[in-house]
Amino acid sequence: MSTLSAINTPSTDDTVLVLGATGKTGRRVTGLLGSAARPASRSAATKFDWSAPDTWEPAVRGTTAVYVVPPENPVQLNDFVGVAVKAGVTRLVLLSMRGAPADDPFEAAVKGSGVEWTILRPTWFMQNFDEDIFAEPVRRGELAVPAGDGVHPFIDVVDIAEIAVVALTQPGHHGKTYDLSGPEALSFPEVLARISEVTGEPVRYVDVAPEEFTAALRGLGFSEEIADLVTMLIVLIRKGEEAHVSDNVQRVLGRAPRTFADYLGSSKFA
């Protein structure tokens, strides 16, 4: 398949709407697309708010493809897809997640759109350790999650963004669902040890009960639904059900996925 270096920069007639443009994948997709990107979010120049449907059509008007970081409510995504297709969008790339069920309503909304679609199902992001959910506990020196000694092939979001751009701008990816992972499965203690090697600061791993972790997430302001989902996904790691390594980064980009060492070298830990 095509490598990222072979991407032909889309013409100005092929503008790509990037939802979640301030997020971990969205801002990198925006950077790779350059002038072809129309970044949209509640704080971007192009306003987009899942809870404000009146922002949808103005944001998508004049674009031909959309990178979709979905909302919590699948009904909103289904309604947006209808608006996008009516506005002339011909390609959708959805950021889903590994382990999404076959009848996932978010994926169904894209699959039923009547236009070209690609679904990305990545593992947990490496960047969660310095940009998101695990960043503050790691900075404090102690991370408590219910993962036991389970291993997981964390992925660098750079790889996700590059594959998204390929799917958004090149032919050959319609109807594909890509399971995406990093090159090696690591346990949380192994990850923290590697971070400590770079920072010189110890980070202790604490294995906690799932209900304790869920309660901690709720205390941080996560909704009950999202807290339960995040806990469930980590428990799958604990059970050994999320350890398999995918070769789709290599297949799509023509190169090996970025390693955890690669990530650390460009992270906030460096």
# chains A, B, ... in the order shown; residues from 1 in each chain; ligands from 1
$ residues_around --residues "Asp54 (chain A)" --least-positions-apart "6" --cutoff "12 Å" --atoms "only C-alpha atoms" --output "PyMOL selection string"
chain A and resi 47-48+60+79-80+83
$ write_last_selection --atoms "N, CA and C atoms" --output "JSON list (two decimals), in the first residue's frame"
[["chain", "number", "residue", "atom", "x", "y", "z"],
["A", 47, "LYS", "N", -16.24, 26.78, 13.92],
["A", 47, "LYS", "CA", -16.91, 26.30, 15.13],
["A", 47, "LYS", "C", -17.64, 25.00, 14.84],
["A", 48, "PHE", "N", -17.45, 24.04, 15.76],
["A", 48, "PHE", "CA", -18.19, 22.78, 15.67],
["A", 48, "PHE", "C", -18.43, 22.27, 17.08],
["A", 60, "VAL", "N", -19.20, 21.88, 7.68],
["A", 60, "VAL", "CA", -18.94, 20.86, 6.66],
["A", 60, "VAL", "C", -19.14, 21.36, 5.24],
["A", 79, "ASP", "N", -26.94, 11.70, 12.93],
["A", 79, "ASP", "CA", -27.56, 12.91, 12.37],
["A", 79, "ASP", "C", -26.52, 13.74, 11.61],
["A", 80, "PHE", "N", -25.31, 13.83, 12.16],
["A", 80, "PHE", "CA", -24.26, 14.60, 11.49],
["A", 80, "PHE", "C", -23.91, 13.98, 10.14],
["A", 83, "VAL", "N", -26.21, 15.15, 7.57],
["A", 83, "VAL", "CA", -25.92, 16.53, 7.19],
["A", 83, "VAL", "C", -24.71, 16.60, 6.26]]
$ residues_around --residues "Val69 (chain A)" --least-positions-apart "2" --cutoff "8 Å" --atoms "only C-alpha atoms" --output "number ranges by chain"
A: 19-20, 26, 67, 71, 94-96
$ write_last_selection --atoms "N, CA and C atoms" --output "mmCIF file, in the first residue's frame"
data_model
loop_
_atom_site.group_PDB
_atom_site.id
_atom_site.type_symbol
_atom_site.label_atom_id
_atom_site.label_comp_id
_atom_site.auth_asym_id
_atom_site.auth_seq_id
_atom_site.Cartn_x
_atom_site.Cartn_y
_atom_site.Cartn_z
ATOM 1 N N LEU A 19 -12.629 17.027 12.600
ATOM 2 C CA LEU A 19 -13.319 17.203 13.868
ATOM 3 C C LEU A 19 -12.371 16.839 15.009
ATOM 4 N N GLY A 20 -12.641 17.404 16.176
ATOM 5 C CA GLY A 20 -11.731 17.180 17.294
ATOM 6 C C GLY A 20 -10.343 17.701 16.996
ATOM 7 N N GLY A 26 -6.556 14.711 16.162
ATOM 8 C CA GLY A 26 -7.053 15.747 15.273
ATOM 9 C C GLY A 26 -6.030 16.813 14.937
ATOM 10 N N TYR A 67 -12.700 13.820 8.832
ATOM 11 C CA TYR A 67 -12.098 12.982 9.867
ATOM 12 C C TYR A 67 -12.981 13.117 11.097
ATOM 13 N N PRO A 71 -18.772 11.793 19.033
ATOM 14 C CA PRO A 71 -19.275 12.270 20.321
ATOM 15 C C PRO A 71 -19.608 11.070 21.211
ATOM 16 N N LEU A 94 -13.488 7.375 10.378
ATOM 17 C CA LEU A 94 -13.930 7.393 11.767
ATOM 18 C C LEU A 94 -12.856 6.865 12.702
ATOM 19 N N LEU A 95 -12.577 7.613 13.755
ATOM 20 C CA LEU A 95 -11.725 7.136 14.834
ATOM 21 C C LEU A 95 -12.598 6.333 15.786
ATOM 22 N N SER A 96 -12.461 5.027 15.743
ATOM 23 C CA SER A 96 -13.188 4.143 16.648
ATOM 24 C C SER A 96 -12.220 3.648 17.709
#
$ residues_around --residues "Gln127 (chain A)" --least-positions-apart "2" --cutoff "10 Å" --atoms "only C-alpha atoms" --output "ChimeraX atom specification"
/A:24-25,124-125,129-135,154-158,260,263-264,267-268
$ closest_residue --among "A:Lys239, A:Arg251, A:Arg139, A:Arg91" --to "His174 (chain A)" --atoms "only C-alpha atoms"
A:Arg91
$ closest_residue --among "A:Pro146, A:Gly175, A:Pro70, A:Pro53" --to "Thr214 (chain A)" --atoms "only C-alpha atoms"
A:Pro146
$ residues_around --residues "Pro74 (chain A)" --least-positions-apart "2" --cutoff "10 Å" --atoms "only C-alpha atoms" --output "PyMOL selection string"
chain A and resi 70-72+76-80+104-109
$ write_last_selection --atoms "N, CA and C atoms" --output "mmCIF file, in the first residue's frame"
data_model
loop_
_atom_site.group_PDB
_atom_site.id
_atom_site.type_symbol
_atom_site.label_atom_id
_atom_site.label_comp_id
_atom_site.auth_asym_id
_atom_site.auth_seq_id
_atom_site.Cartn_x
_atom_site.Cartn_y
_atom_site.Cartn_z
ATOM 1 N N PRO A 70 -15.696 10.865 17.218
ATOM 2 C CA PRO A 70 -17.127 10.828 17.529
ATOM 3 C C PRO A 70 -17.492 11.430 18.877
ATOM 4 N N PRO A 71 -18.772 11.793 19.033
ATOM 5 C CA PRO A 71 -19.275 12.270 20.321
ATOM 6 C C PRO A 71 -19.608 11.070 21.211
ATOM 7 N N GLU A 72 -20.099 11.343 22.406
ATOM 8 C CA GLU A 72 -20.529 10.257 23.287
ATOM 9 C C GLU A 72 -21.845 9.650 22.823
ATOM 10 N N GLN A 76 -26.198 11.599 17.698
ATOM 11 C CA GLN A 76 -25.613 12.826 17.151
ATOM 12 C C GLN A 76 -24.751 12.521 15.934
ATOM 13 N N LEU A 77 -23.960 11.464 15.996
ATOM 14 C CA LEU A 77 -23.107 11.117 14.863
ATOM 15 C C LEU A 77 -23.959 10.721 13.667
ATOM 16 N N ASN A 78 -24.991 9.942 13.897
ATOM 17 C CA ASN A 78 -25.859 9.526 12.800
ATOM 18 C C ASN A 78 -26.492 10.737 12.127
ATOM 19 N N ASP A 79 -26.944 11.697 12.928
ATOM 20 C CA ASP A 79 -27.556 12.906 12.369
ATOM 21 C C ASP A 79 -26.524 13.738 11.610
ATOM 22 N N PHE A 80 -25.307 13.832 12.165
ATOM 23 C CA PHE A 80 -24.259 14.597 11.486
ATOM 24 C C PHE A 80 -23.909 13.981 10.144
ATOM 25 N N ASP A 104 -21.571 -1.890 16.692
ATOM 26 C CA ASP A 104 -21.286 -0.582 17.266
ATOM 27 C C ASP A 104 -22.071 0.503 16.532
ATOM 28 N N PRO A 105 -22.871 1.304 17.233
ATOM 29 C CA PRO A 105 -23.713 2.293 16.558
ATOM 30 C C PRO A 105 -22.928 3.423 15.904
ATOM 31 N N PHE A 106 -21.757 3.737 16.425
ATOM 32 C CA PHE A 106 -20.929 4.777 15.814
ATOM 33 C C PHE A 106 -20.400 4.294 14.459
ATOM 34 N N GLU A 107 -19.890 3.084 14.435
ATOM 35 C CA GLU A 107 -19.398 2.534 13.178
ATOM 36 C C GLU A 107 -20.549 2.321 12.196
ATOM 37 N N ALA A 108 -21.710 1.922 12.707
ATOM 38 C CA ALA A 108 -22.875 1.704 11.834
ATOM 39 C C ALA A 108 -23.293 2.992 11.143
ATOM 40 N N ALA A 109 -23.171 4.123 11.837
ATOM 41 C CA ALA A 109 -23.547 5.406 11.248
ATOM 42 C C ALA A 109 -22.693 5.718 10.026
#
$ atom_distance --atom1 "CA of Met126 (chain A)" --atom2 "CA of Leu17 (chain A)"
25.0 Å
$ atom_distance --atom1 "CA of Pro101 (chain A)" --atom2 "CA of Asp49 (chain A)"
26.1 Å
$ residues_around --residues "Asp179 (chain A)" --least-positions-apart "4" --cutoff "12 Å" --atoms "only C-alpha atoms" --output "count of residues only"
27
$ select_by_dssp --residues "region 26-244 of chain A" --states "strand (DSSP E)" --output "NGL selection string"
:A and (37-41 or 46-47 or 65-68 or 91-95 or 116-122 or 142-145 or 151-152 or 176-180 or 186-187 or 204-207)
$ write_last_selection --atoms "N, CA and C atoms" --output "tab-separated table (two decimals), in the first residue's frame"
chain	number	residue	atom	x	y	z
A	37	ALA	N	-6.65	21.12	5.22
A	37	ALA	CA	-7.43	20.87	6.42
A	37	ALA	C	-8.33	22.05	6.77
A	38	ARG	N	-9.51	21.72	7.25
A	38	ARG	CA	-10.38	22.72	7.88
A	38	ARG	C	-10.60	22.24	9.31
A	39	PRO	N	-9.74	22.65	10.23
A	39	PRO	CA	-9.87	22.18	11.62
A	39	PRO	C	-11.10	22.79	12.28
A	40	ALA	N	-11.84	21.97	12.99
A	40	ALA	CA	-13.07	22.43	13.62
A	40	ALA	C	-13.19	21.90	15.04
A	41	SER	N	-13.62	22.77	15.92
A	41	SER	CA	-13.89	22.40	17.31
A	41	SER	C	-14.65	23.56	17.93
A	46	THR	N	-13.24	27.55	12.78
A	46	THR	CA	-14.46	26.89	12.31
A	46	THR	C	-15.12	26.24	13.51
A	47	LYS	N	-16.24	26.78	13.92
A	47	LYS	CA	-16.91	26.30	15.13
A	47	LYS	C	-17.64	25.00	14.84
A	65	ALA	N	-14.36	15.50	2.46
A	65	ALA	CA	-14.06	14.39	3.36
A	65	ALA	C	-14.06	14.89	4.79
A	66	VAL	N	-14.31	13.97	5.73
A	66	VAL	CA	-14.35	14.36	7.14
A	66	VAL	C	-13.59	13.32	7.97
A	67	TYR	N	-12.70	13.82	8.83
A	67	TYR	CA	-12.10	12.98	9.87
A	67	TYR	C	-12.98	13.12	11.10
A	68	VAL	N	-13.56	12.00	11.52
A	68	VAL	CA	-14.58	12.03	12.56
A	68	VAL	C	-14.05	11.48	13.88
A	91	ARG	N	-16.46	11.13	1.58
A	91	ARG	CA	-15.57	10.19	2.28
A	91	ARG	C	-15.55	10.51	3.77
A	92	LEU	N	-15.66	9.47	4.58
A	92	LEU	CA	-15.62	9.61	6.04
A	92	LEU	C	-14.59	8.66	6.61
A	93	VAL	N	-13.77	9.16	7.53
A	93	VAL	CA	-12.81	8.33	8.25
A	93	VAL	C	-13.12	8.48	9.73
A	94	LEU	N	-13.49	7.38	10.38
A	94	LEU	CA	-13.93	7.39	11.77
A	94	LEU	C	-12.86	6.87	12.70
A	95	LEU	N	-12.58	7.61	13.75
A	95	LEU	CA	-11.72	7.14	14.83
A	95	LEU	C	-12.60	6.33	15.79
A	116	GLU	N	-17.98	6.72	0.71
A	116	GLU	CA	-16.79	5.96	1.08
A	116	GLU	C	-16.49	6.14	2.57
A	117	TRP	N	-16.08	5.05	3.20
A	117	TRP	CA	-15.77	5.13	4.63
A	117	TRP	C	-14.59	4.23	4.97
A	118	THR	N	-13.88	4.63	6.01
A	118	THR	CA	-12.80	3.84	6.59
A	118	THR	C	-12.91	3.98	8.10
A	119	ILE	N	-12.69	2.88	8.80
A	119	ILE	CA	-12.77	2.89	10.26
A	119	ILE	C	-11.41	2.53	10.84
A	120	LEU	N	-10.94	3.34	11.78
A	120	LEU	CA	-9.67	3.12	12.47
A	120	LEU	C	-9.97	2.64	13.88
A	121	ARG	N	-9.43	1.48	14.24
A	121	ARG	CA	-9.63	0.92	15.57
A	121	ARG	C	-8.28	0.80	16.30
A	122	PRO	N	-7.78	1.88	16.84
A	122	PRO	CA	-6.47	1.85	17.50
A	122	PRO	C	-6.54	1.30	18.92
A	142	GLU	N	2.90	8.14	40.76
A	142	GLU	CA	2.16	6.92	41.07
A	142	GLU	C	0.94	6.79	40.16
A	143	LEU	N	0.84	5.67	39.46
A	143	LEU	CA	-0.28	5.41	38.56
A	143	LEU	C	-1.03	4.18	39.05
A	144	ALA	N	-2.32	4.36	39.33
A	144	ALA	CA	-3.15	3.27	39.85
A	144	ALA	C	-4.23	2.91	38.83
A	145	VAL	N	-4.11	1.74	38.22
A	145	VAL	CA	-5.09	1.25	37.27
A	145	VAL	C	-5.29	-0.26	37.49
A	151	VAL	N	-0.63	-7.13	29.34
A	151	VAL	CA	0.18	-6.35	28.40
A	151	VAL	C	-0.69	-5.83	27.27
A	152	HIS	N	-0.21	-4.76	26.63
A	152	HIS	CA	-1.00	-4.09	25.60
A	152	HIS	C	-0.06	-3.39	24.62
A	176	LYS	N	-12.80	-0.42	4.55
A	176	LYS	CA	-11.78	-1.09	5.36
A	176	LYS	C	-11.92	-0.69	6.84
A	177	THR	N	-11.76	-1.68	7.70
A	177	THR	CA	-11.67	-1.44	9.13
A	177	THR	C	-10.28	-1.87	9.57
A	178	TYR	N	-9.47	-0.92	10.03
A	178	TYR	CA	-8.08	-1.19	10.37
A	178	TYR	C	-7.90	-1.27	11.89
A	179	ASP	N	-7.54	-2.45	12.36
A	179	ASP	CA	-7.10	-2.61	13.74
A	179	ASP	C	-5.65	-2.11	13.79
A	180	LEU	N	-5.38	-1.17	14.67
A	180	LEU	CA	-4.06	-0.51	14.69
A	180	LEU	C	-3.41	-0.66	16.05
A	186	LEU	N	3.27	-4.20	26.00
A	186	LEU	CA	3.95	-3.85	27.25
A	186	LEU	C	2.95	-3.83	28.40
A	187	SER	N	3.42	-4.17	29.59
A	187	SER	CA	2.59	-4.02	30.78
A	187	SER	C	2.72	-2.58	31.29
A	204	ARG	N	5.64	4.75	40.43
A	204	ARG	CA	5.17	3.50	41.03
A	204	ARG	C	3.85	3.08	40.39
A	205	TYR	N	3.74	1.78	40.12
A	205	TYR	CA	2.48	1.23	39.61
A	205	TYR	C	1.71	0.60	40.76
A	206	VAL	N	0.41	0.91	40.83
A	206	VAL	CA	-0.46	0.33	41.85
A	206	VAL	C	-1.63	-0.35	41.14
A	207	ASP	N	-1.77	-1.63	41.38
A	207	ASP	CA	-2.88	-2.38	40.82
A	207	ASP	C	-4.09	-2.25	41.74
$ residues_around --residues "Glu225 (chain A)" --least-positions-apart "4" --cutoff "12 Å" --atoms "only C-alpha atoms" --output "list in words"
Glu72, Asn73, Thr214, Ala215, Leu217, Arg218, Gly221, Leu229, Val230, Thr231 and Met232 of chain A
$ residues_around --residues "Val29 (chain A)" --least-positions-apart "4" --cutoff "8 Å" --atoms "only C-alpha atoms" --output "JSON, numbers by chain"
{"A": [18, 21, 25, 33, 161, 162, 164, 165]}
